[in-house]
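Okay, protein-v1.json now, which holds JSON, C-alpha atoms:
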```json
[["chain", "number", "residue", "atom", "x", "y", "z"],
["Q", 176, "MET", "CA", 61.08, 185.92, 110.59],
["Q", 177, "THR", "CA", 64.40, 184.83, 112.09],
["Q", 178, "ASP", "CA", 66.34, 181.89, 110.66],
["Q", 179, "LYS", "CA", 65.58, 179.89, 113.82],
["Q", 180, "ASN", "CA", 61.83, 180.47, 113.51],
["Q", 181, "LYS", "CA", 61.96, 179.77, 109.78],
["Q", 182, "ASN", "CA", 63.70, 176.46, 110.39],
["Q", 183, "LEU", "CA", 61.14, 175.57, 113.08],
["Q", 184, "MET", "CA", 58.33, 176.33, 110.62],
["Q", 185, "ILE", "CA", 59.94, 174.14, 107.95],
["Q", 186, "ARG", "CA", 60.30, 171.31, 110.49],
["Q", 187, "LEU", "CA", 56.65, 171.62, 111.47],
["Q", 188, "ILE", "CA", 55.34, 171.68, 107.90],
["Q", 189, "SER", "CA", 57.62, 168.80, 106.89],
["Q", 190, "GLY", "CA", 56.55, 166.70, 109.87],
["Q", 191, "LEU", "CA", 52.85, 167.32, 109.32],
["Q", 192, "THR", "CA", 53.22, 166.49, 105.63],
["Q", 193, "LEU", "CA", 55.15, 163.25, 106.03],
["Q", 194, "LEU", "CA", 53.60, 161.87, 109.21],
["Q", 195, "PRO", "CA", 50.15, 160.91, 107.80],
["Q", 196, "GLY", "CA", 51.76, 159.00, 104.94],
["Q", 197, "VAL", "CA", 54.14, 157.16, 107.25],
["Q", 198, "LEU", "CA", 51.34, 156.17, 109.62],
["Q", 199, "TYR", "CA", 49.13, 155.06, 106.73],
["Q", 200, "LEU", "CA", 51.84, 152.78, 105.32],
["Q", 201, "LEU", "CA", 52.37, 151.30, 108.78],
["Q", 202, "TYR", "CA", 48.61, 150.80, 109.06],
["Q", 203, "LEU", "CA", 48.46, 148.95, 105.72],
["Q", 204, "GLY", "CA", 51.12, 146.50, 106.87],
["Q", 205, "GLY", "CA", 52.57, 143.82, 104.61],
["Q", 206, "TRP", "CA", 54.65, 144.96, 101.68],
["Q", 207, "TRP", "CA", 53.68, 148.61, 102.22],
["Q", 208, "THR", "CA", 55.24, 148.64, 105.67],
["Q", 209, "ALA", "CA", 58.19, 146.57, 104.49],
["Q", 210, "GLY", "CA", 58.84, 148.99, 101.63],
["Q", 211, "LEU", "CA", 58.68, 152.02, 103.93],
["Q", 212, "LEU", "CA", 61.05, 150.50, 106.48],
["Q", 213, "GLY", "CA", 63.34, 149.13, 103.78],
["Q", 214, "PHE", "CA", 63.68, 152.60, 102.27],
["Q", 215, "ALA", "CA", 64.46, 154.08, 105.69],
["Q", 216, "ALA", "CA", 67.05, 151.37, 106.42],
["Q", 217, "GLY", "CA", 68.82, 151.95, 103.13],
["Q", 218, "ALA", "CA", 68.82, 155.71, 103.75],
["Q", 219, "CYS", "CA", 70.33, 155.22, 107.22],
["Q", 220, "ALA", "CA", 73.09, 152.98, 105.88],
["Q", 221, "TRP", "CA", 73.79, 155.45, 103.06],
["Q", 222, "GLU", "CA", 74.04, 158.34, 105.53],
["Q", 223, "TYR", "CA", 76.37, 156.42, 107.85],
["Q", 224, "ILE", "CA", 78.71, 155.59, 104.95],
["Q", 225, "SER", "CA", 78.56, 159.19, 103.71],
["Q", 226, "ILE", "CA", 79.61, 160.43, 107.16],
["Q", 227, "THR", "CA", 82.35, 157.92, 107.90],
["Q", 228, "LEU", "CA", 83.81, 156.79, 104.55],
["Q", 229, "LYS", "CA", 82.71, 159.80, 102.46],
["Q", 230, "SER", "CA", 82.89, 157.81, 99.20],
["Q", 231, "PHE", "CA", 80.96, 154.95, 97.67],
["Q", 232, "THR", "CA", 82.64, 151.87, 96.28],
["Q", 233, "PRO", "CA", 80.61, 149.00, 94.81],
["Q", 234, "VAL", "CA", 80.81, 147.19, 98.15],
["Q", 235, "ALA", "CA", 79.43, 150.29, 99.88],
["Q", 236, "TRP", "CA", 76.43, 150.24, 97.55],
["Q", 237, "LEU", "CA", 76.06, 146.52, 98.26],
["Q", 238, "THR", "CA", 75.90, 147.39, 101.95],
["Q", 239, "VAL", "CA", 73.14, 149.96, 101.36],
["Q", 240, "VAL", "CA", 71.10, 147.50, 99.29],
["Q", 241, "ALA", "CA", 71.60, 144.75, 101.88],
["Q", 242, "ALA", "CA", 70.44, 147.06, 104.68],
["Q", 243, "ALA", "CA", 67.38, 148.09, 102.66],
["Q", 244, "ALA", "CA", 66.47, 144.45, 102.06],
["Q", 245, "MET", "CA", 66.53, 143.38, 105.71],
["Q", 246, "PRO", "CA", 63.18, 144.89, 106.88],
["Q", 247, "ILE", "CA", 61.53, 143.15, 103.91],
["Q", 248, "LEU", "CA", 62.65, 139.68, 105.02],
["Q", 249, "PRO", "CA", 60.14, 139.23, 107.89],
["Q", 250, "ILE", "CA", 57.39, 139.76, 105.30],
["Q", 251, "ALA", "CA", 58.89, 137.85, 102.39],
["Q", 252, "MET", "CA", 60.55, 134.99, 104.29],
["Q", 253, "PRO", "CA", 59.20, 134.88, 107.85],
["Q", 254, "LEU", "CA", 60.67, 131.44, 108.59],
["Q", 255, "GLN", "CA", 64.06, 132.11, 107.03],
["Q", 256, "ALA", "CA", 64.47, 135.76, 108.06],
["Q", 257, "ALA", "CA", 66.93, 135.16, 110.92],
["Q", 258, "SER", "CA", 69.23, 132.97, 108.85],
["Q", 259, "MET", "CA", 69.04, 135.36, 105.89],
["Q", 260, "ILE", "CA", 70.00, 138.31, 108.09],
["Q", 261, "SER", "CA", 72.93, 136.31, 109.45],
["Q", 262, "GLY", "CA", 73.98, 135.42, 105.92],
["Q", 263, "ALA", "CA", 73.73, 139.03, 104.75],
["Q", 264, "THR", "CA", 75.92, 140.14, 107.67],
["Q", 265, "GLY", "CA", 78.55, 137.63, 106.62],
["Q", 266, "LEU", "CA", 78.26, 138.76, 102.99],
["Q", 267, "VAL", "CA", 78.91, 142.41, 103.88],
["Q", 268, "LEU", "CA", 81.89, 141.42, 106.03],
["Q", 269, "PHE", "CA", 83.37, 139.19, 103.31],
["Q", 270, "ALA", "CA", 82.76, 141.74, 100.55],
["Q", 271, "GLY", "CA", 84.47, 144.48, 102.56],
["Q", 272, "TRP", "CA", 87.59, 142.42, 103.19],
["Q", 273, "ALA", "CA", 87.69, 141.05, 99.64],
["Q", 274, "TRP", "CA", 87.38, 144.50, 98.07],
["Q", 275, "HIS", "CA", 90.36, 145.84, 100.00],
["Q", 276, "LEU", "CA", 92.43, 142.73, 99.35],
["Q", 277, "LEU", "CA", 91.92, 143.27, 95.63],
["Q", 278, "ARG", "CA", 91.82, 147.06, 95.40],
["Q", 279, "GLY", "CA", 93.34, 148.41, 98.62],
["Q", 280, "PRO", "CA", 94.39, 150.55, 100.33],
["Q", 281, "LEU", "CA", 95.46, 147.69, 102.58],
["Q", 282, "PRO", "CA", 96.21, 149.73, 105.76],
["Q", 283, "GLU", "CA", 92.63, 151.06, 105.75],
["Q", 284, "ALA", "CA", 90.95, 147.70, 105.21],
["Q", 285, "PRO", "CA", 90.07, 146.89, 108.87],
["Q", 286, "VAL", "CA", 88.57, 150.30, 109.63],
["Q", 287, "ARG", "CA", 86.69, 150.68, 106.36],
["Q", 288, "THR", "CA", 85.29, 147.14, 106.53],
["Q", 289, "ALA", "CA", 84.22, 147.74, 110.14],
["Q", 290, "HIS", "CA", 82.40, 150.89, 109.03],
["Q", 291, "LEU", "CA", 80.59, 148.99, 106.29],
["Q", 292, "LEU", "CA", 79.48, 146.36, 108.78],
["Q", 293, "MET", "CA", 78.37, 149.07, 111.20],
["Q", 294, "ALA", "CA", 76.46, 150.85, 108.44],
["Q", 295, "PHE", "CA", 74.63, 147.62, 107.68],
["Q", 296, "ILE", "CA", 73.74, 146.86, 111.32],
["Q", 297, "TYR", "CA", 72.98, 150.45, 112.36],
["Q", 298, "GLY", "CA", 71.01, 151.04, 109.19],
["Q", 299, "HIS", "CA", 68.66, 148.08, 109.39],
["Q", 300, "GLY", "CA", 68.69, 146.72, 112.96],
["Q", 301, "GLY", "CA", 66.00, 148.84, 114.57],
["Q", 302, "LEU", "CA", 63.86, 148.99, 111.45],
["Q", 303, "THR", "CA", 63.94, 145.24, 110.90],
["Q", 304, "ALA", "CA", 62.79, 144.83, 114.50],
["Q", 305, "LEU", "CA", 59.96, 147.25, 113.75],
["Q", 306, "ALA", "CA", 58.99, 145.21, 110.67],
["Q", 307, "ALA", "CA", 58.93, 142.03, 112.77],
["Q", 308, "LEU", "CA", 56.92, 143.82, 115.46],
["Q", 309, "ARG", "CA", 54.29, 144.77, 112.87],
["Q", 310, "LEU", "CA", 53.72, 141.04, 112.26],
["Q", 311, "VAL", "CA", 52.84, 140.23, 115.88],
["Q", 312, "PRO", "CA", 49.37, 138.60, 115.74],
["Q", 313, "ASP", "CA", 46.32, 140.76, 116.54],
["Q", 314, "PHE", "CA", 48.10, 143.81, 117.97],
["Q", 315, "GLY", "CA", 51.19, 144.26, 115.81],
["Q", 316, "LEU", "CA", 50.18, 147.72, 114.61],
["Q", 317, "MET", "CA", 49.48, 148.89, 118.15],
["Q", 318, "TRP", "CA", 52.89, 147.74, 119.36],
["Q", 319, "VAL", "CA", 54.54, 149.57, 116.47],
["Q", 320, "VAL", "CA", 52.58, 152.65, 117.51],
["Q", 321, "SER", "CA", 53.80, 152.09, 121.07],
["Q", 322, "ALA", "CA", 57.41, 152.23, 119.87],
["Q", 323, "LEU", "CA", 56.62, 155.50, 118.10],
["Q", 324, "VAL", "CA", 54.71, 156.88, 121.08],
["Q", 325, "ILE", "CA", 57.58, 156.16, 123.47],
["Q", 326, "THR", "CA", 60.06, 157.84, 121.14],
["Q", 327, "TRP", "CA", 57.96, 160.86, 120.25],
["Q", 328, "GLY", "CA", 56.62, 161.32, 123.78],
["Q", 329, "ASN", "CA", 60.12, 161.27, 125.19],
["Q", 330, "ASP", "CA", 61.51, 163.60, 122.54],
["Q", 331, "THR", "CA", 58.64, 166.09, 122.72],
["Q", 332, "MET", "CA", 58.51, 166.42, 126.49],
["Q", 333, "ALA", "CA", 62.31, 166.49, 126.75],
["Q", 334, "TYR", "CA", 62.38, 169.40, 124.31],
["Q", 335, "PHE", "CA", 59.80, 171.50, 126.16],
["Q", 336, "ALA", "CA", 61.10, 170.65, 129.63],
["Q", 337, "GLY", "CA", 64.61, 171.52, 128.52],
["Q", 338, "ARG", "CA", 63.49, 174.81, 126.99],
["Q", 339, "LEU", "CA", 61.47, 175.83, 130.03],
["Q", 340, "PHE", "CA", 63.54, 174.49, 132.92],
["Q", 341, "GLY", "CA", 66.89, 173.32, 131.52],
["Q", 342, "LYS", "CA", 69.91, 174.44, 133.53],
["Q", 343, "HIS", "CA", 72.09, 171.40, 134.16],
["Q", 344, "LYS", "CA", 73.83, 169.97, 131.10],
["Q", 345, "LEU", "CA", 73.38, 166.25, 130.49],
["Q", 346, "TYR", "CA", 76.39, 165.56, 128.27],
["Q", 347, "PRO", "CA", 77.76, 168.84, 126.85],
["Q", 348, "GLU", "CA", 80.73, 167.20, 125.09],
["Q", 349, "VAL", "CA", 78.31, 165.32, 122.84],
["Q", 350, "SER", "CA", 75.07, 167.32, 122.84],
["Q", 351, "PRO", "CA", 75.37, 170.78, 124.44],
["Q", 352, "ASN", "CA", 71.63, 171.51, 124.32],
["Q", 353, "LYS", "CA", 70.50, 168.46, 126.31],
["Q", 354, "THR", "CA", 69.85, 168.94, 130.02],
["Q", 355, "TRP", "CA", 68.97, 166.76, 132.99],
["Q", 356, "GLU", "CA", 65.70, 168.67, 133.30],
["Q", 357, "GLY", "CA", 64.90, 167.76, 129.69],
["Q", 358, "PHE", "CA", 65.82, 164.15, 130.42],
["Q", 359, "ALA", "CA", 63.37, 164.12, 133.36],
["Q", 360, "GLY", "CA", 60.66, 165.64, 131.18],
["Q", 361, "GLY", "CA", 61.28, 162.98, 128.54],
["Q", 362, "PHE", "CA", 61.02, 160.29, 131.22],
["Q", 363, "VAL", "CA", 57.56, 161.56, 132.18],
["Q", 364, "GLY", "CA", 56.57, 161.97, 128.52],
["Q", 365, "ALA", "CA", 57.48, 158.41, 127.50],
["Q", 366, "ILE", "CA", 55.40, 156.89, 130.30],
["Q", 367, "GLY", "CA", 52.58, 159.42, 130.13],
["Q", 368, "PHE", "CA", 52.03, 159.12, 126.39],
["Q", 369, "LEU", "CA", 51.83, 155.33, 126.73],
["Q", 370, "PHE", "CA", 49.09, 155.70, 129.31],
["Q", 371, "ILE", "CA", 47.22, 157.97, 126.87],
["Q", 372, "GLN", "CA", 47.57, 155.32, 124.16],
["Q", 373, "ARG", "CA", 46.34, 152.68, 126.60],
["Q", 374, "ALA", "CA", 43.33, 154.75, 127.67],
["Q", 375, "PHE", "CA", 42.09, 155.65, 124.19],
["Q", 376, "PHE", "CA", 43.45, 153.12, 121.69],
["Q", 377, "PHE", "CA", 45.07, 150.07, 123.27],
["Q", 378, "PRO", "CA", 43.21, 148.76, 126.36],
["Q", 379, "THR", "CA", 45.02, 145.42, 126.06],
["Q", 380, "MET", "CA", 48.20, 147.16, 127.15],
["Q", 381, "THR", "CA", 48.70, 146.79, 130.90],
["Q", 382, "VAL", "CA", 49.91, 149.27, 133.49],
["Q", 383, "ILE", "CA", 53.10, 147.21, 133.80],
["Q", 384, "ASP", "CA", 53.61, 147.48, 130.02],
["Q", 385, "CYS", "CA", 53.36, 151.25, 130.22],
["Q", 386, "PHE", "CA", 55.84, 151.56, 133.04],
["Q", 387, "VAL", "CA", 58.38, 149.03, 131.79],
["Q", 388, "LEU", "CA", 58.37, 150.22, 128.18],
["Q", 389, "GLY", "CA", 58.25, 153.87, 129.21],
["Q", 390, "ILE", "CA", 61.19, 153.57, 131.60],
["Q", 391, "LEU", "CA", 63.32, 151.58, 129.17],
["Q", 392, "GLY", "CA", 62.41, 153.89, 126.29],
["Q", 393, "SER", "CA", 63.29, 156.98, 128.29],
["Q", 394, "LEU", "CA", 66.78, 155.52, 128.73],
["Q", 395, "LEU", "CA", 67.37, 153.95, 125.31],
["Q", 396, "GLY", "CA", 65.86, 156.77, 123.25],
["Q", 397, "PRO", "CA", 68.21, 159.48, 124.59],
["Q", 398, "ALA", "CA", 71.09, 156.99, 124.31],
["Q", 399, "GLY", "CA", 70.31, 156.55, 120.63],
["Q", 400, "ASP", "CA", 70.19, 160.32, 120.19],
["Q", 401, "LEU", "CA", 73.51, 160.80, 121.98],
["Q", 402, "CYS", "CA", 75.19, 158.04, 119.97],
["Q", 403, "GLU", "CA", 74.19, 159.65, 116.70],
["Q", 404, "SER", "CA", 75.35, 163.04, 118.00],
["Q", 405, "MET", "CA", 78.66, 161.45, 118.99],
["Q", 406, "LEU", "CA", 79.04, 160.06, 115.47],
["Q", 407, "LYS", "CA", 78.42, 163.46, 113.88],
["Q", 408, "ARG", "CA", 80.81, 165.23, 116.26],
["Q", 409, "ALA", "CA", 83.51, 162.67, 115.57],
["Q", 410, "TYR", "CA", 83.31, 163.52, 111.86],
["Q", 411, "ASN", "CA", 82.44, 167.22, 112.26],
["Q", 412, "VAL", "CA", 79.05, 166.90, 110.56],
["Q", 413, "LYS", "CA", 76.02, 168.99, 111.49],
["Q", 414, "ASP", "CA", 73.30, 166.74, 110.00],
["Q", 415, "SER", "CA", 73.43, 163.15, 108.84],
["Q", 416, "GLY", "CA", 71.80, 164.13, 105.54],
["Q", 417, "VAL", "CA", 69.21, 166.33, 103.86],
["Q", 418, "ILE", "CA", 66.50, 163.84, 102.99],
["Q", 419, "ILE", "CA", 63.87, 165.37, 105.34],
["Q", 420, "PRO", "CA", 63.49, 169.16, 105.00],
["Q", 421, "GLY", "CA", 64.09, 170.93, 108.30],
["Q", 422, "HIS", "CA", 65.03, 167.70, 110.07],
["Q", 423, "GLY", "CA", 68.25, 166.75, 108.30],
["Q", 424, "GLY", "CA", 68.79, 163.10, 107.51],
["Q", 425, "MET", "CA", 66.98, 159.88, 108.26],
["Q", 426, "LEU", "CA", 69.35, 159.11, 111.13],
["Q", 427, "ASP", "CA", 68.66, 162.54, 112.61],
["Q", 428, "ARG", "CA", 64.96, 161.74, 112.68],
["Q", 429, "ILE", "CA", 64.92, 158.12, 113.88],
["Q", 430, "ASP", "CA", 68.11, 157.80, 115.95],
["Q", 431, "ALA", "CA", 66.08, 157.16, 119.12],
["Q", 432, "LEU", "CA", 63.61, 154.82, 117.41],
["Q", 433, "ILE", "CA", 66.51, 152.67, 116.18],
["Q", 434, "PHE", "CA", 67.27, 151.89, 119.84],
["Q", 435, "ASN", "CA", 63.68, 151.70, 121.07],
["Q", 436, "ALA", "CA", 62.20, 149.41, 118.41],
["Q", 437, "PRO", "CA", 64.32, 146.32, 119.24],
["Q", 438, "MET", "CA", 63.55, 146.84, 122.93],
["Q", 439, "VAL", "CA", 59.78, 146.86, 122.30],
["Q", 440, "PHE", "CA", 60.05, 143.80, 120.06],
["Q", 441, "LEU", "CA", 62.04, 141.80, 122.64],
["Q", 442, "TYR", "CA", 59.66, 142.87, 125.41],
["Q", 443, "VAL", "CA", 56.54, 141.85, 123.47],
["Q", 444, "GLN", "CA", 58.01, 138.57, 122.25],
["Q", 445, "PHE", "CA", 59.78, 137.32, 125.38],
["Q", 446, "VAL", "CA", 59.30, 139.42, 128.53],
["Q", 447, "ARG", "CA", 55.57, 140.08, 128.35],
["Q", 448, "PRO", "CA", 54.61, 136.38, 127.92],
["Q", 449, "ALA", "CA", 56.84, 135.51, 130.89],
["Q", 450, "LEU", "CA", 55.05, 138.08, 133.04],
["Q", 451, "GLY", "CA", 51.77, 136.35, 132.24]]
```
Translate the structure described by the file into structure tokens.
Amino acid sequence: MTDKNKNLMIRLISGLTLLPGVLYLLYLGGWWTAGLLGFAAGACAWEYISITLKSFTPVAWLTVVAAAAMPILPIAMPLQAASMISGATGLVLFAGWAWHLLRGPLPEAPVRTAHLLMAFIYGHGGLTALAALRLVPDFGLMWVVSALVITWGNDTMAYFAGRLFGKHKLYPEVSPNKTWEGFAGGFVGAIGFLFIQRAFFFPTMTVIDCFVLGILGSLLGPAGDLCESMLKRAYNVKDSGVIIPGHGGMLDRIDALIFNAPMVFLYVQFVRPALG
């Protein structure tokens, strides 16, 4: 077995092993979902700091803990969640500046503090939105599944379309394997998988929902993937981490979901009610 096939087998086994547990925790909701998403947020923040700053000061660990806590807030403090998130953002910013004022190096303070703030926001933003989406009355779980379906449908169909038909590079400076043909396949996959969800599991979802969410997801998902690839190329890193065998790090696995989850939450909370 070649190394490429061996890695593909590891990815498949790892995915099939982890996926049922992830879906079950999302199904349970409440603190189970919050704990799952909090762990993922902390892992994402940790990976971002590992890539960019490459060392962990006490304020870096504070940033990881703060990111991990954010997806828990919609469960623990639903009425105060927004203000607590705002306060935590200010805390990370203050702690970063204060640490460098006291310990230095002073010339690096702006960049390192900006990276800490980015680790906090990038680490928790999409996952906190997913936690809030899970709390939507009646159909929260189904909307969470929709965010996953958009992301996985886009990624899966983009992969196969790119392998079978890919000739024209999408953005070779950032991701040399991505093609416009794969992008088109992902576009079809995001919309098509939503219609499958609607037909078999979520009849309340409308045709407009499928098209709007599918189109937006087919744009935002690849953007999230490219942004994470850009980050790794900037720091000459192959994977964001090693937490998921065969897949690399948490950011490697959910880079597209981080962009798609807030979009689905905003659509369900504000756009869909306006459409009637």
query = Skipping near chain neighbours, those fewer than 3 positions away, what residues fall within 6 Å of Ala306 (chain Q) using only C-alpha atoms, listed as a list in words?
reply =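 Those residues are Pro246, Thr303 and Arg309 of chain Q.
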query = Which residues come within 12 Å of region 391-393 of chain Q, counting all atoms listed in the file, excluding same-chain residues fewer than 2 positions away, as a ChimeraX atom specification?
reply = /Q:321-333,357-369,384-389,395-400,431-439,441-442
With C-alpha atoms retained, export the selected residues as a compact mmCIF listing (two decimals), in the frame of the given file.
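Output file again_15.txt is given in full below:
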```txt
# COMPACT_ATOMS: atom_id res chain seq x y z
CA SER Q 321 53.80 152.09 121.07
CA ALA Q 322 57.41 152.23 119.87
CA LEU Q 323 56.62 155.50 118.10
CA VAL Q 324 54.71 156.88 121.08
CA ILE Q 325 57.58 156.16 123.47
CA THR Q 326 60.06 157.84 121.14
CA TRP Q 327 57.96 160.86 120.25
CA GLY Q 328 56.62 161.32 123.78
CA ASN Q 329 60.12 161.27 125.19
CA ASP Q 330 61.51 163.60 122.54
CA THR Q 331 58.64 166.09 122.72
CA MET Q 332 58.51 166.42 126.49
CA ALA Q 333 62.31 166.49 126.75
CA GLY Q 357 64.90 167.76 129.69
CA PHE Q 358 65.82 164.15 130.42
CA ALA Q 359 63.37 164.12 133.36
CA GLY Q 360 60.66 165.64 131.18
CA GLY Q 361 61.28 162.98 128.54
CA PHE Q 362 61.02 160.29 131.22
CA VAL Q 363 57.56 161.56 132.18
CA GLY Q 364 56.57 161.97 128.52
CA ALA Q 365 57.48 158.41 127.50
CA ILE Q 366 55.40 156.89 130.30
CA GLY Q 367 52.58 159.42 130.13
CA PHE Q 368 52.03 159.12 126.39
CA LEU Q 369 51.83 155.33 126.73
CA ASP Q 384 53.61 147.48 130.02
CA CYS Q 385 53.36 151.25 130.22
CA PHE Q 386 55.84 151.56 133.04
CA VAL Q 387 58.38 149.03 131.79
CA LEU Q 388 58.37 150.22 128.18
CA GLY Q 389 58.25 153.87 129.21
CA LEU Q 395 67.37 153.95 125.31
CA GLY Q 396 65.86 156.77 123.25
CA PRO Q 397 68.21 159.48 124.59
CA ALA Q 398 71.09 156.99 124.31
CA GLY Q 399 70.31 156.55 120.63
CA ASP Q 400 70.19 160.32 120.19
CA ALA Q 431 66.08 157.16 119.12
CA LEU Q 432 63.61 154.82 117.41
CA ILE Q 433 66.51 152.67 116.18
CA PHE Q 434 67.27 151.89 119.84
CA ASN Q 435 63.68 151.70 121.07
CA ALA Q 436 62.20 149.41 118.41
CA PRO Q 437 64.32 146.32 119.24
CA MET Q 438 63.55 146.84 122.93
CA VAL Q 439 59.78 146.86 122.30
CA LEU Q 441 62.04 141.80 122.64
CA TYR Q 442 59.66 142.87 125.41
```
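Distance check against Met380 (chain Q) using all atoms listed in the file: of Q:Ala336, Q:Met317, Q:Ala216, Q:Met405, the minimum falls on Q:Met317.
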Shortest interatomic distance to Trp206 (chain Q) - which of Q:Ala289, Q:Leu193, Q:Ala244, Q:Ile419, counting all atoms listed in the file =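 For Trp206 (chain Q), the nearest of the candidates is Q:Ala244.
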Atomic distance CA of Asp427 (chain Q) - CA of Trp207 (chain Q), expressed in Å with one decimal =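 Interatomic distance, CA of Asp427 (chain Q) to CA of Trp207 (chain Q): 22.9 Å.
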